[in-house]
>>> print(open('work.txt').read())   # compact mmCIF, C-alpha atoms
# COMPACT_ATOMS: atom_id res chain seq x y z
CA MET A 2 -13.72 -29.49 -24.13
CA ASP A 3 -13.66 -26.10 -22.43
CA TYR A 4 -12.33 -22.94 -23.96
CA LEU A 5 -10.98 -19.67 -22.64
CA GLU A 6 -11.81 -16.56 -24.63
CA ASN A 7 -10.44 -13.08 -24.12
CA ILE A 8 -11.74 -9.54 -24.50
CA PRO A 9 -9.33 -7.66 -26.79
CA PHE A 10 -8.19 -4.13 -25.91
CA ASP A 11 -10.55 -2.42 -28.37
CA GLU A 12 -13.60 -4.15 -26.90
CA LEU A 13 -12.75 -3.37 -23.28
CA GLN A 14 -14.66 -0.56 -21.61
CA GLU A 15 -13.92 1.31 -18.41
CA GLY A 16 -16.39 0.20 -15.76
CA GLN A 17 -16.66 -3.32 -17.22
CA THR A 18 -16.82 -6.03 -14.54
CA ALA A 19 -16.23 -9.75 -14.19
CA GLU A 20 -16.47 -12.27 -11.38
CA TYR A 21 -14.31 -15.22 -10.43
CA VAL A 22 -15.26 -17.63 -7.65
CA LYS A 23 -12.93 -20.02 -5.85
CA THR A 24 -13.52 -22.23 -2.83
CA VAL A 25 -10.25 -22.65 -0.92
CA SER A 26 -9.94 -26.24 0.28
CA ALA A 27 -7.63 -27.69 2.94
CA ASP A 28 -5.85 -29.53 0.11
CA ASP A 29 -5.30 -26.22 -1.75
CA ILE A 30 -3.51 -24.95 1.36
CA LYS A 31 -1.30 -28.05 1.54
CA LEU A 32 -0.42 -27.73 -2.15
CA PHE A 33 0.30 -24.04 -1.65
CA ALA A 34 2.74 -24.94 1.15
CA ILE A 35 4.45 -27.45 -1.12
CA ILE A 36 4.85 -25.06 -4.05
CA SER A 37 5.91 -22.04 -2.02
CA GLY A 38 7.94 -23.75 0.69
CA ASP A 39 6.00 -21.84 3.35
CA THR A 40 5.53 -24.62 5.90
CA ASN A 41 4.41 -22.43 8.79
CA PRO A 42 2.24 -24.61 11.06
CA LEU A 43 -0.35 -21.80 11.26
CA HIS A 44 -1.56 -22.98 7.85
CA LEU A 45 -1.31 -26.73 8.37
CA ASP A 46 -1.32 -27.80 12.02
CA GLU A 47 -4.71 -27.36 13.70
CA GLU A 48 -3.32 -27.91 17.21
CA TYR A 49 -0.70 -25.22 16.74
CA ALA A 50 -3.15 -22.86 15.05
CA LYS A 51 -5.43 -23.06 18.12
CA THR A 52 -2.68 -21.42 20.19
CA THR A 53 -2.51 -18.38 17.87
CA ARG A 54 -4.69 -15.27 17.63
CA PHE A 55 -6.55 -16.88 14.73
CA GLY A 56 -7.80 -19.88 16.74
CA ARG A 57 -7.63 -22.22 13.75
CA CYS A 58 -5.70 -22.79 10.52
CA ILE A 59 -5.80 -20.01 7.95
CA ALA A 60 -4.79 -20.00 4.30
CA HIS A 61 -1.54 -18.33 3.28
CA GLY A 62 -2.42 -14.65 2.59
CA SER A 63 -1.08 -14.79 -0.92
CA ILE A 64 -3.64 -17.41 -1.93
CA CYS A 65 -5.63 -14.27 -2.79
CA GLY A 66 -2.74 -13.14 -5.01
CA ILE A 67 -3.08 -16.25 -7.10
CA ILE A 68 -6.87 -15.90 -7.25
CA VAL A 69 -6.66 -12.33 -8.58
CA SER A 70 -4.08 -13.34 -11.19
CA ALA A 71 -6.25 -16.26 -12.32
CA ALA A 72 -9.26 -13.94 -12.57
CA VAL A 73 -7.33 -11.51 -14.79
CA ALA A 74 -5.84 -14.35 -16.88
CA THR A 75 -9.12 -16.15 -17.50
CA LYS A 76 -11.90 -13.50 -17.30
CA LEU A 77 -10.88 -9.85 -17.69
CA PRO A 78 -9.21 -9.55 -20.15
CA GLY A 79 -8.39 -13.30 -20.36
CA PRO A 80 -5.86 -15.19 -22.49
CA GLY A 81 -3.10 -13.17 -24.11
CA ALA A 82 -2.97 -10.65 -21.26
CA ILE A 83 0.50 -9.88 -19.95
CA TYR A 84 0.51 -9.46 -16.20
CA ALA A 85 2.76 -6.52 -15.41
CA ALA A 86 2.14 -5.50 -11.80
CA GLN A 87 -0.08 -6.02 -8.79
CA GLU A 88 -0.81 -4.07 -5.63
CA MET A 89 -2.69 -5.93 -2.93
CA LYS A 90 -3.93 -5.58 0.63
CA PHE A 91 -4.85 -8.56 2.78
CA LYS A 92 -7.81 -7.44 4.89
CA LYS A 93 -9.00 -10.57 6.69
CA PRO A 94 -7.88 -14.19 6.95
CA VAL A 95 -9.19 -16.80 4.52
CA TYR A 96 -10.10 -20.10 6.24
CA PRO A 97 -10.18 -23.58 4.69
CA GLY A 98 -13.59 -24.07 3.10
CA ASP A 99 -14.18 -20.36 2.47
CA THR A 100 -15.69 -19.43 -0.87
CA ILE A 101 -14.02 -16.31 -2.24
CA THR A 102 -15.72 -14.15 -4.86
CA ALA A 103 -13.36 -11.84 -6.72
CA LYS A 104 -15.07 -8.90 -8.39
CA LEU A 105 -12.97 -7.26 -11.07
CA THR A 106 -13.65 -3.78 -12.47
CA LEU A 107 -11.73 -2.25 -15.35
CA ILE A 108 -10.87 1.15 -13.92
CA GLU A 109 -8.55 2.56 -16.58
CA LYS A 110 -7.67 1.96 -20.23
CA LYS A 111 -4.49 3.80 -21.16
CA ARG A 112 -4.09 4.81 -24.80
CA LYS A 113 -0.44 3.83 -24.67
CA ALA A 114 0.70 0.23 -25.12
CA ASN A 115 -2.70 -1.37 -24.36
CA ILE A 116 -2.17 -0.96 -20.63
CA ILE A 117 -5.20 -1.51 -18.41
CA LEU A 118 -5.77 -1.18 -14.67
CA ILE A 119 -8.16 -3.60 -12.99
CA ASP A 120 -9.52 -3.16 -9.49
CA CYS A 121 -10.30 -6.29 -7.48
CA VAL A 122 -12.33 -6.72 -4.31
CA MET A 123 -12.67 -10.20 -2.80
CA THR A 124 -15.38 -11.14 -0.36
CA ASN A 125 -15.97 -14.36 1.55
CA GLN A 126 -19.29 -16.21 1.92
CA HIS A 127 -20.21 -13.90 4.84
CA GLY A 128 -19.84 -10.80 2.64
CA GLU A 129 -16.67 -9.70 4.44
CA THR A 130 -13.94 -8.08 2.34
CA VAL A 131 -10.80 -10.20 2.58
CA PHE A 132 -8.69 -8.59 -0.17
CA THR A 133 -8.44 -5.45 -2.26
CA GLY A 134 -5.97 -4.80 -5.05
CA VAL A 135 -5.19 -3.30 -8.43
CA SER A 136 -3.69 -5.27 -11.32
CA THR A 137 -1.77 -3.73 -14.21
CA ALA A 138 -1.80 -5.73 -17.41
CA VAL A 139 -1.13 -5.34 -21.11
CA ALA A 140 -4.38 -6.29 -22.82
CA PRO A 141 -4.23 -8.47 -25.94
CA SER A 142 -4.86 -6.75 -29.30
CA GLU A 143 -6.36 -9.83 -30.95
CA LYS A 144 -9.29 -12.07 -30.14
CA ILE A 145 -7.97 -15.33 -28.69
CA ARG A 146 -9.90 -18.52 -28.00
CA VAL A 147 -7.86 -21.39 -26.60
CA LYS A 148 -8.57 -24.84 -25.27
CA VAL A 149 -7.99 -24.98 -21.54
CA ALA A 150 -5.04 -27.15 -20.65
CA GLU A 151 -5.74 -30.62 -19.30
CA LEU A 152 -4.73 -30.91 -15.68
CA PRO A 153 -3.29 -33.96 -13.99
CA LYS A 154 -5.08 -35.66 -11.12
CA VAL A 155 -3.49 -34.94 -7.78
CA THR A 156 -3.28 -37.41 -4.94
CA LEU A 157 -2.10 -36.33 -1.49
CA LEU A 158 -0.77 -39.06 0.79
CA MET B 17 12.71 -32.26 12.66
CA ASP B 18 13.11 -28.80 11.17
CA TYR B 19 12.19 -25.60 12.90
CA LEU B 20 11.29 -22.10 11.76
CA GLU B 21 12.52 -19.23 13.92
CA ASN B 22 11.60 -15.59 13.61
CA ILE B 23 13.35 -12.28 14.18
CA PRO B 24 11.20 -10.23 16.58
CA PHE B 25 10.56 -6.54 15.90
CA ASP B 26 13.09 -5.28 18.45
CA GLU B 27 15.91 -7.31 16.87
CA LEU B 28 15.18 -6.23 13.31
CA GLN B 29 17.46 -3.61 11.80
CA GLU B 30 16.96 -1.47 8.72
CA GLY B 31 19.27 -2.75 6.00
CA GLN B 32 19.08 -6.35 7.24
CA THR B 33 18.89 -8.90 4.42
CA ALA B 34 17.83 -12.50 3.86
CA GLU B 35 17.75 -14.85 0.91
CA TYR B 36 15.23 -17.45 -0.19
CA VAL B 37 15.87 -19.79 -3.11
CA LYS B 38 13.26 -21.75 -5.04
CA THR B 39 13.55 -23.85 -8.18
CA VAL B 40 10.27 -23.73 -10.09
CA SER B 41 9.50 -27.18 -11.50
CA ALA B 42 7.04 -28.16 -14.21
CA ASP B 43 5.02 -29.92 -11.49
CA ASP B 44 4.89 -26.69 -9.45
CA ILE B 45 3.29 -25.02 -12.47
CA LYS B 46 0.69 -27.79 -12.81
CA LEU B 47 -0.15 -27.54 -9.10
CA PHE B 48 -0.37 -23.77 -9.39
CA ALA B 49 -2.90 -24.19 -12.24
CA ILE B 50 -4.94 -26.59 -10.10
CA ILE B 51 -5.03 -24.32 -7.04
CA SER B 52 -5.68 -21.08 -8.89
CA GLY B 53 -7.91 -22.36 -11.69
CA ASP B 54 -5.71 -20.57 -14.25
CA THR B 55 -5.62 -23.25 -16.95
CA ASN B 56 -4.22 -21.06 -19.72
CA PRO B 57 -2.34 -23.38 -22.11
CA LEU B 58 0.59 -20.93 -22.18
CA HIS B 59 1.63 -22.43 -18.84
CA LEU B 60 0.91 -26.09 -19.56
CA ASP B 61 0.78 -26.95 -23.27
CA GLU B 62 4.20 -26.85 -24.92
CA GLU B 63 2.77 -27.02 -28.46
CA TYR B 64 0.51 -24.05 -27.83
CA ALA B 65 3.24 -22.11 -26.02
CA LYS B 66 5.49 -22.45 -29.11
CA THR B 67 2.98 -20.33 -31.06
CA THR B 68 3.21 -17.44 -28.58
CA ARG B 69 5.78 -14.67 -28.19
CA PHE B 70 7.40 -16.67 -25.39
CA GLY B 71 8.26 -19.69 -27.55
CA ARG B 72 7.77 -22.15 -24.70
CA CYS B 73 5.78 -22.64 -21.51
CA ILE B 74 6.23 -20.04 -18.80
CA ALA B 75 5.22 -20.11 -15.14
CA HIS B 76 2.22 -18.08 -14.02
CA GLY B 77 3.54 -14.62 -13.12
CA SER B 78 2.21 -14.77 -9.62
CA ILE B 79 4.39 -17.75 -8.76
CA CYS B 80 6.77 -14.94 -7.75
CA GLY B 81 4.05 -13.58 -5.46
CA ILE B 82 3.98 -16.81 -3.53
CA ILE B 83 7.77 -16.96 -3.37
CA VAL B 84 8.02 -13.48 -1.84
CA SER B 85 5.33 -14.29 0.70
CA ALA B 86 7.09 -17.53 1.66
CA ALA B 87 10.37 -15.65 2.04
CA VAL B 88 8.77 -13.12 4.41
CA ALA B 89 6.91 -15.84 6.34
CA THR B 90 9.93 -18.08 6.84
CA LYS B 91 13.04 -15.83 6.78
CA LEU B 92 12.49 -12.10 7.38
CA PRO B 93 10.88 -11.72 9.85
CA GLY B 94 9.58 -15.33 9.86
CA PRO B 95 6.80 -16.99 11.89
CA GLY B 96 4.34 -14.71 13.62
CA ALA B 97 4.54 -12.05 10.93
CA ILE B 98 1.20 -10.76 9.68
CA TYR B 99 1.25 -10.14 5.95
CA ALA B 100 -0.59 -6.88 5.33
CA ALA B 101 0.16 -5.76 1.79
CA GLN B 102 2.32 -6.39 -1.26
CA GLU B 103 3.30 -4.38 -4.31
CA MET B 104 4.92 -6.32 -7.12
CA LYS B 105 6.21 -5.93 -10.65
CA PHE B 106 6.76 -8.87 -12.98
CA LYS B 107 9.85 -8.04 -15.03
CA LYS B 108 10.63 -11.17 -17.00
CA PRO B 109 9.06 -14.61 -17.46
CA VAL B 110 10.00 -17.50 -15.19
CA TYR B 111 10.47 -20.79 -17.09
CA PRO B 112 10.10 -24.33 -15.74
CA GLY B 113 13.41 -25.35 -14.20
CA ASP B 114 14.47 -21.79 -13.36
CA THR B 115 16.08 -21.25 -9.98
CA ILE B 116 14.83 -18.03 -8.44
CA THR B 117 16.77 -16.26 -5.71
CA ALA B 118 14.74 -13.77 -3.71
CA LYS B 119 16.81 -11.18 -1.88
CA LEU B 120 14.93 -9.42 0.89
CA THR B 121 16.05 -6.15 2.48
CA LEU B 122 14.33 -4.55 5.45
CA ILE B 123 13.93 -0.98 4.21
CA GLU B 124 11.81 0.56 6.98
CA LYS B 125 10.84 -0.12 10.59
CA LYS B 126 7.93 2.06 11.63
CA ARG B 127 7.65 2.90 15.33
CA LYS B 128 3.91 2.42 15.15
CA ALA B 129 2.29 -1.01 15.41
CA ASN B 130 5.46 -3.01 14.53
CA ILE B 131 5.00 -2.32 10.83
CA ILE B 132 7.95 -3.14 8.58
CA LEU B 133 8.57 -2.67 4.86
CA ILE B 134 10.63 -5.28 3.04
CA ASP B 135 12.05 -4.81 -0.43
CA CYS B 136 12.42 -7.91 -2.61
CA VAL B 137 14.39 -8.43 -5.82
CA MET B 138 14.28 -11.83 -7.52
CA THR B 139 16.85 -12.98 -10.03
CA ASN B 140 17.02 -16.13 -12.11
CA GLN B 141 20.06 -18.38 -12.59
CA HIS B 142 21.29 -16.05 -15.38
CA GLY B 143 21.33 -13.06 -13.02
CA GLU B 144 18.33 -11.45 -14.73
CA THR B 145 15.84 -9.61 -12.53
CA VAL B 146 12.43 -11.29 -12.88
CA PHE B 147 10.54 -9.58 -10.05
CA THR B 148 10.69 -6.55 -7.78
CA GLY B 149 8.33 -5.74 -4.94
CA VAL B 150 7.74 -4.34 -1.50
CA SER B 151 5.99 -6.26 1.29
CA THR B 152 4.26 -4.64 4.27
CA ALA B 153 4.03 -6.82 7.37
CA VAL B 154 3.40 -6.55 11.08
CA ALA B 155 6.49 -8.00 12.73
CA PRO B 156 6.05 -10.31 15.72
CA SER B 157 6.89 -8.89 19.17
CA GLU B 158 7.96 -12.22 20.65
CA LYS B 159 10.59 -14.77 19.70
CA ILE B 160 8.86 -17.75 18.07
CA ARG B 161 10.35 -21.12 17.19
CA VAL B 162 7.96 -23.62 15.64
CA LYS B 163 8.23 -27.05 14.10
CA VAL B 164 7.64 -26.90 10.38
CA ALA B 165 4.44 -28.62 9.39
CA GLU B 166 4.69 -32.06 7.84
CA LEU B 167 3.66 -32.01 4.22
CA PRO B 168 1.84 -34.76 2.37
CA LYS B 169 3.40 -36.51 -0.59
CA VAL B 170 1.92 -35.40 -3.87
CA THR B 171 1.39 -37.67 -6.84
CA LEU B 172 0.39 -36.25 -10.22
CA LEU B 173 -1.29 -38.67 -12.64
>>> encode(input="work.txt", output="structure tokens")
Amino acid sequence: MDYLENIPFDELQEGQTAEYVKTVSADDIKLFAIISGDTNPLHLDEEYAKTTRFGRCIAHGSICGIIVSAAVATKLPGPGAIYAAQEMKFKKPVYPGDTITAKLTLIEKKRKANIILIDCVMTNQHGETVFTGVSTAVAPSEKIRVKVAELPKVTLL
Amino acid sequence: MDYLENIPFDELQEGQTAEYVKTVSADDIKLFAIISGDTNPLHLDEEYAKTTRFGRCIAHGSICGIIVSAAVATKLPGPGAIYAAQEMKFKKPVYPGDTITAKLTLIEKKRKANIILIDCVMTNQHGETVFTGVSTAVAPSEKIRVKVAELPKVTLL
């Protein structure tokens, strides 16, 4: 059984870092289209994608938005964080099969209301920056350790 | 067969609006956890969620991030848009079963490089604002009409 553990506000330090790695599969992109309703063929139809400036299918840009939120929710500060705001810039396309490394850095701890600002830079397996952004969250006051939720098995037909 | 059609830069007008509606199901939340890797039990384990300030499971905050990106990519301006940046604020939790209406308003057309700014306000079925944000995109120059991609059927076990 896996657990998620947080870093409470008092233990957080400016400059603290964390990493979160995610490989974006072709199935992730299909599921993203299903959840969001964004059925643009650029993300799903290889023949169509060849006719565009990208030359092949790319992931939806906001796949990086869900990676940064998962990184904040599971790593820095982790469970109990309340996600308040996010700024983000999409720098380069993410392709199916790319492995994205999100590096988080705690850039500011505000005295008031446990608010923290977290910088995020994501790079692909070639070292290219694909995303930059800043998250605003309310950090948890208490230590929390929770069992990760069991996930269903997904079949795509 | 359904099609997606865009509004090219020259046809866009400041003040122009569009709507995008999405009902967030419990299965959407499970799929979101699978794609993102955010397996916090707050989103998936009703018993655990009862012990939190929310009282029941809530969607991951950034589900609203993927709704706004889908709205921009399919409605205003639609296919061919290049998603450059997004600012967003999460105002209230989204619960499984909530129907979210995203209202987009084109707030600025820059002369340079076809850049447009799009404001988004999302409300739930009770009329409460759950999300506000501003998208930055490069609008397409040409009229585009594309077949929507066929999506696989998903089974969760």
>>> residues_around(input="work.txt", residues="Leu28 (chain B)", least_positions_apart="6", cutoff="10 Å", atoms="all atoms listed in the file", output="number ranges by chain")
B: 92-93, 122, 124-125, 132, 155
>>> atom_distance(input="work.txt", atom1="CA of Leu5 (chain A)", atom2="CA of Ala49 (chain B)")
13.9 Å
>>> atom_distance(input="work.txt", atom1="CA of Gln17 (chain A)", atom2="CA of Ile68 (chain A)")
18.8 Å
>>> closest_residue(input="work.txt", among="B:Ala100, B:Thr145, B:Pro95, B:Lys169", to="Pro24 (chain B)", atoms="all atoms listed in the file")
B:Pro95
>>> residues_around(input="work.txt", residues="Ala74 (chain A)", least_positions_apart="6", cutoff="8 Å", atoms="all atoms listed in the file", output="PyMOL selection string")
(chain A and resi 80-82) or (chain B and resi 54+56)
>>> write_last_selection(input="work.txt", atoms="C-alpha atoms", output="short mmCIF file (atom, residue, chain, number, x, y, z; two decimals), in the frame of the given file")
data_model
loop_
_atom_site.label_atom_id
_atom_site.label_comp_id
_atom_site.auth_asym_id
_atom_site.auth_seq_id
_atom_site.Cartn_x
_atom_site.Cartn_y
_atom_site.Cartn_z
CA PRO A 80 -5.86 -15.19 -22.49
CA GLY A 81 -3.10 -13.17 -24.11
CA ALA A 82 -2.97 -10.65 -21.26
CA ASP B 54 -5.71 -20.57 -14.25
CA ASN B 56 -4.22 -21.06 -19.72
#
>>> atom_distance(input="work.txt", atom1="CA of Lys119 (chain B)", atom2="CA of Glu144 (chain B)")
12.9 Å
>>> calpha_fit_and_write(input="work.txt", fixed="chain B", moving="chain A", output="mmCIF file with C-alpha atoms, in the coordinates of the input")
data_model
loop_
_atom_site.group_PDB
_atom_site.id
_atom_site.type_symbol
_atom_site.label_atom_id
_atom_site.label_comp_id
_atom_site.auth_asym_id
_atom_site.auth_seq_id
_atom_site.Cartn_x
_atom_site.Cartn_y
_atom_site.Cartn_z
ATOM 1 C CA MET A 2 12.728 -32.260 12.690
ATOM 2 C CA ASP A 3 13.116 -28.801 11.183
ATOM 3 C CA TYR A 4 12.204 -25.586 12.893
ATOM 4 C CA LEU A 5 11.297 -22.099 11.763
ATOM 5 C CA GLU A 6 12.518 -19.240 13.921
ATOM 6 C CA ASN A 7 11.615 -15.588 13.612
ATOM 7 C CA ILE A 8 13.364 -12.275 14.185
ATOM 8 C CA PRO A 9 11.212 -10.228 16.586
ATOM 9 C CA PHE A 10 10.545 -6.536 15.909
ATOM 10 C CA ASP A 11 13.099 -5.289 18.452
ATOM 11 C CA GLU A 12 15.902 -7.316 16.876
ATOM 12 C CA LEU A 13 15.174 -6.230 13.309
ATOM 13 C CA GLN A 14 17.440 -3.604 11.792
ATOM 14 C CA GLU A 15 16.961 -1.477 8.704
ATOM 15 C CA GLY A 16 19.275 -2.750 5.987
ATOM 16 C CA GLN A 17 19.079 -6.351 7.246
ATOM 17 C CA THR A 18 18.893 -8.904 4.418
ATOM 18 C CA ALA A 19 17.825 -12.490 3.862
ATOM 19 C CA GLU A 20 17.744 -14.858 0.915
ATOM 20 C CA TYR A 21 15.222 -17.444 -0.191
ATOM 21 C CA VAL A 22 15.859 -19.797 -3.105
ATOM 22 C CA LYS A 23 13.244 -21.759 -5.027
ATOM 23 C CA THR A 24 13.552 -23.854 -8.169
ATOM 24 C CA VAL A 25 10.261 -23.736 -10.087
ATOM 25 C CA SER A 26 9.490 -27.182 -11.485
ATOM 26 C CA ALA A 27 7.021 -28.168 -14.213
ATOM 27 C CA ASP A 28 5.006 -29.915 -11.484
ATOM 28 C CA ASP A 29 4.885 -26.672 -9.439
ATOM 29 C CA ILE A 30 3.287 -25.007 -12.466
ATOM 30 C CA LYS A 31 0.693 -27.777 -12.811
ATOM 31 C CA LEU A 32 -0.151 -27.553 -9.106
ATOM 32 C CA PHE A 33 -0.382 -23.778 -9.396
ATOM 33 C CA ALA A 34 -2.909 -24.194 -12.232
ATOM 34 C CA ILE A 35 -4.939 -26.583 -10.100
ATOM 35 C CA ILE A 36 -5.035 -24.329 -7.039
ATOM 36 C CA SER A 37 -5.685 -21.088 -8.893
ATOM 37 C CA GLY A 38 -7.911 -22.364 -11.687
ATOM 38 C CA ASP A 39 -5.729 -20.577 -14.243
ATOM 39 C CA THR A 40 -5.616 -23.247 -16.946
ATOM 40 C CA ASN A 41 -4.210 -21.064 -19.713
ATOM 41 C CA PRO A 42 -2.335 -23.377 -22.110
ATOM 42 C CA LEU A 43 0.600 -20.922 -22.162
ATOM 43 C CA HIS A 44 1.634 -22.439 -18.828
ATOM 44 C CA LEU A 45 0.899 -26.089 -19.557
ATOM 45 C CA ASP A 46 0.782 -26.945 -23.261
ATOM 46 C CA GLU A 47 4.207 -26.857 -24.927
ATOM 47 C CA GLU A 48 2.769 -27.024 -28.457
ATOM 48 C CA TYR A 49 0.521 -24.046 -27.827
ATOM 49 C CA ALA A 50 3.251 -22.124 -26.016
ATOM 50 C CA LYS A 51 5.497 -22.447 -29.101
ATOM 51 C CA THR A 52 2.991 -20.349 -31.066
ATOM 52 C CA THR A 53 3.211 -17.448 -28.578
ATOM 53 C CA ARG A 54 5.777 -14.667 -28.173
ATOM 54 C CA PHE A 55 7.401 -16.665 -25.375
ATOM 55 C CA GLY A 56 8.256 -19.685 -27.554
ATOM 56 C CA ARG A 57 7.772 -22.147 -24.700
ATOM 57 C CA CYS A 58 5.773 -22.641 -21.499
ATOM 58 C CA ILE A 59 6.225 -20.046 -18.778
ATOM 59 C CA ALA A 60 5.212 -20.109 -15.129
ATOM 60 C CA HIS A 61 2.204 -18.089 -14.005
ATOM 61 C CA GLY A 62 3.554 -14.600 -13.113
ATOM 62 C CA SER A 63 2.194 -14.761 -9.612
ATOM 63 C CA ILE A 64 4.387 -17.744 -8.760
ATOM 64 C CA CYS A 65 6.767 -14.944 -7.733
ATOM 65 C CA GLY A 66 4.041 -13.573 -5.442
ATOM 66 C CA ILE A 67 3.965 -16.813 -3.531
ATOM 67 C CA ILE A 68 7.768 -16.969 -3.376
ATOM 68 C CA VAL A 69 8.020 -13.482 -1.847
ATOM 69 C CA SER A 70 5.321 -14.292 0.712
ATOM 70 C CA ALA A 71 7.088 -17.529 1.668
ATOM 71 C CA ALA A 72 10.374 -15.638 2.037
ATOM 72 C CA VAL A 73 8.769 -13.106 4.397
ATOM 73 C CA ALA A 74 6.914 -15.840 6.330
ATOM 74 C CA THR A 75 9.930 -18.084 6.836
ATOM 75 C CA LYS A 76 13.032 -15.812 6.774
ATOM 76 C CA LEU A 77 12.495 -12.088 7.372
ATOM 77 C CA PRO A 78 10.870 -11.711 9.851
ATOM 78 C CA GLY A 79 9.567 -15.328 9.854
ATOM 79 C CA PRO A 80 6.805 -16.989 11.884
ATOM 80 C CA GLY A 81 4.326 -14.720 13.625
ATOM 81 C CA ALA A 82 4.536 -12.049 10.921
ATOM 82 C CA ILE A 83 1.200 -10.761 9.670
ATOM 83 C CA TYR A 84 1.258 -10.134 5.949
ATOM 84 C CA ALA A 85 -0.586 -6.886 5.334
ATOM 85 C CA ALA A 86 0.174 -5.755 1.784
ATOM 86 C CA GLN A 87 2.318 -6.390 -1.259
ATOM 87 C CA GLU A 88 3.307 -4.378 -4.307
ATOM 88 C CA MET A 89 4.938 -6.313 -7.114
ATOM 89 C CA LYS A 90 6.226 -5.928 -10.654
ATOM 90 C CA PHE A 91 6.757 -8.878 -12.971
ATOM 91 C CA LYS A 92 9.846 -8.037 -15.026
ATOM 92 C CA LYS A 93 10.624 -11.189 -17.003
ATOM 93 C CA PRO A 94 9.042 -14.612 -17.461
ATOM 94 C CA VAL A 95 9.992 -17.502 -15.186
ATOM 95 C CA TYR A 96 10.471 -20.791 -17.092
ATOM 96 C CA PRO A 97 10.091 -24.333 -15.740
ATOM 97 C CA GLY A 98 13.402 -25.352 -14.193
ATOM 98 C CA ASP A 99 14.468 -21.792 -13.358
ATOM 99 C CA THR A 100 16.075 -21.255 -9.977
ATOM 100 C CA ILE A 101 14.821 -18.026 -8.428
ATOM 101 C CA THR A 102 16.779 -16.256 -5.697
ATOM 102 C CA ALA A 103 14.733 -13.766 -3.702
ATOM 103 C CA LYS A 104 16.806 -11.172 -1.876
ATOM 104 C CA LEU A 105 14.928 -9.425 0.899
ATOM 105 C CA THR A 106 16.051 -6.148 2.489
ATOM 106 C CA LEU A 107 14.337 -4.544 5.458
ATOM 107 C CA ILE A 108 13.932 -0.987 4.224
ATOM 108 C CA GLU A 109 11.807 0.563 6.968
ATOM 109 C CA LYS A 110 10.843 -0.121 10.581
ATOM 110 C CA LYS A 111 7.927 2.062 11.625
ATOM 111 C CA ARG A 112 7.649 2.910 15.318
ATOM 112 C CA LYS A 113 3.903 2.423 15.147
ATOM 113 C CA ALA A 114 2.302 -1.017 15.399
ATOM 114 C CA ASN A 115 5.467 -3.001 14.537
ATOM 115 C CA ILE A 116 5.008 -2.317 10.838
ATOM 116 C CA ILE A 117 7.948 -3.132 8.579
ATOM 117 C CA LEU A 118 8.570 -2.670 4.862
ATOM 118 C CA ILE A 119 10.630 -5.283 3.040
ATOM 119 C CA ASP A 120 12.048 -4.829 -0.435
ATOM 120 C CA CYS A 121 12.420 -7.916 -2.621
ATOM 121 C CA VAL A 122 14.388 -8.429 -5.817
ATOM 122 C CA MET A 123 14.277 -11.833 -7.521
ATOM 123 C CA THR A 124 16.850 -12.980 -10.020
ATOM 124 C CA ASN A 125 17.022 -16.137 -12.110
ATOM 125 C CA GLN A 126 20.074 -18.381 -12.596
ATOM 126 C CA HIS A 127 21.297 -16.050 -15.385
ATOM 127 C CA GLY A 128 21.327 -13.057 -13.014
ATOM 128 C CA GLU A 129 18.334 -11.454 -14.737
ATOM 129 C CA THR A 130 15.831 -9.612 -12.539
ATOM 130 C CA VAL A 131 12.442 -11.288 -12.886
ATOM 131 C CA PHE A 132 10.550 -9.573 -10.042
ATOM 132 C CA THR A 133 10.704 -6.550 -7.778
ATOM 133 C CA GLY A 134 8.330 -5.741 -4.947
ATOM 134 C CA VAL A 135 7.740 -4.343 -1.485
ATOM 135 C CA SER A 136 5.986 -6.260 1.296
ATOM 136 C CA THR A 137 4.273 -4.647 4.275
ATOM 137 C CA ALA A 138 4.031 -6.810 7.357
ATOM 138 C CA VAL A 139 3.404 -6.544 11.076
ATOM 139 C CA ALA A 140 6.496 -8.004 12.718
ATOM 140 C CA PRO A 141 6.052 -10.317 15.711
ATOM 141 C CA SER A 142 6.889 -8.885 19.160
ATOM 142 C CA GLU A 143 7.969 -12.222 20.629
ATOM 143 C CA LYS A 144 10.585 -14.776 19.684
ATOM 144 C CA ILE A 145 8.857 -17.750 18.058
ATOM 145 C CA ARG A 146 10.357 -21.120 17.183
ATOM 146 C CA VAL A 147 7.965 -23.617 15.632
ATOM 147 C CA LYS A 148 8.224 -27.050 14.109
ATOM 148 C CA VAL A 149 7.644 -26.904 10.379
ATOM 149 C CA ALA A 150 4.439 -28.618 9.380
ATOM 150 C CA GLU A 151 4.686 -32.068 7.835
ATOM 151 C CA LEU A 152 3.660 -32.021 4.208
ATOM 152 C CA PRO A 153 1.840 -34.757 2.355
ATOM 153 C CA LYS A 154 3.404 -36.513 -0.612
ATOM 154 C CA VAL A 155 1.933 -35.405 -3.901
ATOM 155 C CA THR A 156 1.413 -37.664 -6.874
ATOM 156 C CA LEU A 157 0.396 -36.248 -10.253
ATOM 157 C CA LEU A 158 -1.271 -38.649 -12.678
#
>>> residues_around(input="work.txt", residues="Met104 (chain B)", least_positions_apart="4", cutoff="9 Å", atoms="all atoms listed in the file", output="PyMOL selection string")
(chain A and resi 85-89) or (chain B and resi 80-81+136+147-151)
>>> residues_around(input="work.txt", residues="Asn130 (chain B)", least_positions_apart="4", cutoff="7 Å", atoms="only C-alpha atoms", output="MDAnalysis selection string")
chainID B and resid 25 126 154:155
>>> residues_around(input="work.txt", residues="Tyr111 (chain B)", least_positions_apart="6", cutoff="9 Å", atoms="only C-alpha atoms", output="list in words")
Val40, Ser41, Ala42, Arg72, Cys73, Ile74 and Ala75 of chain B
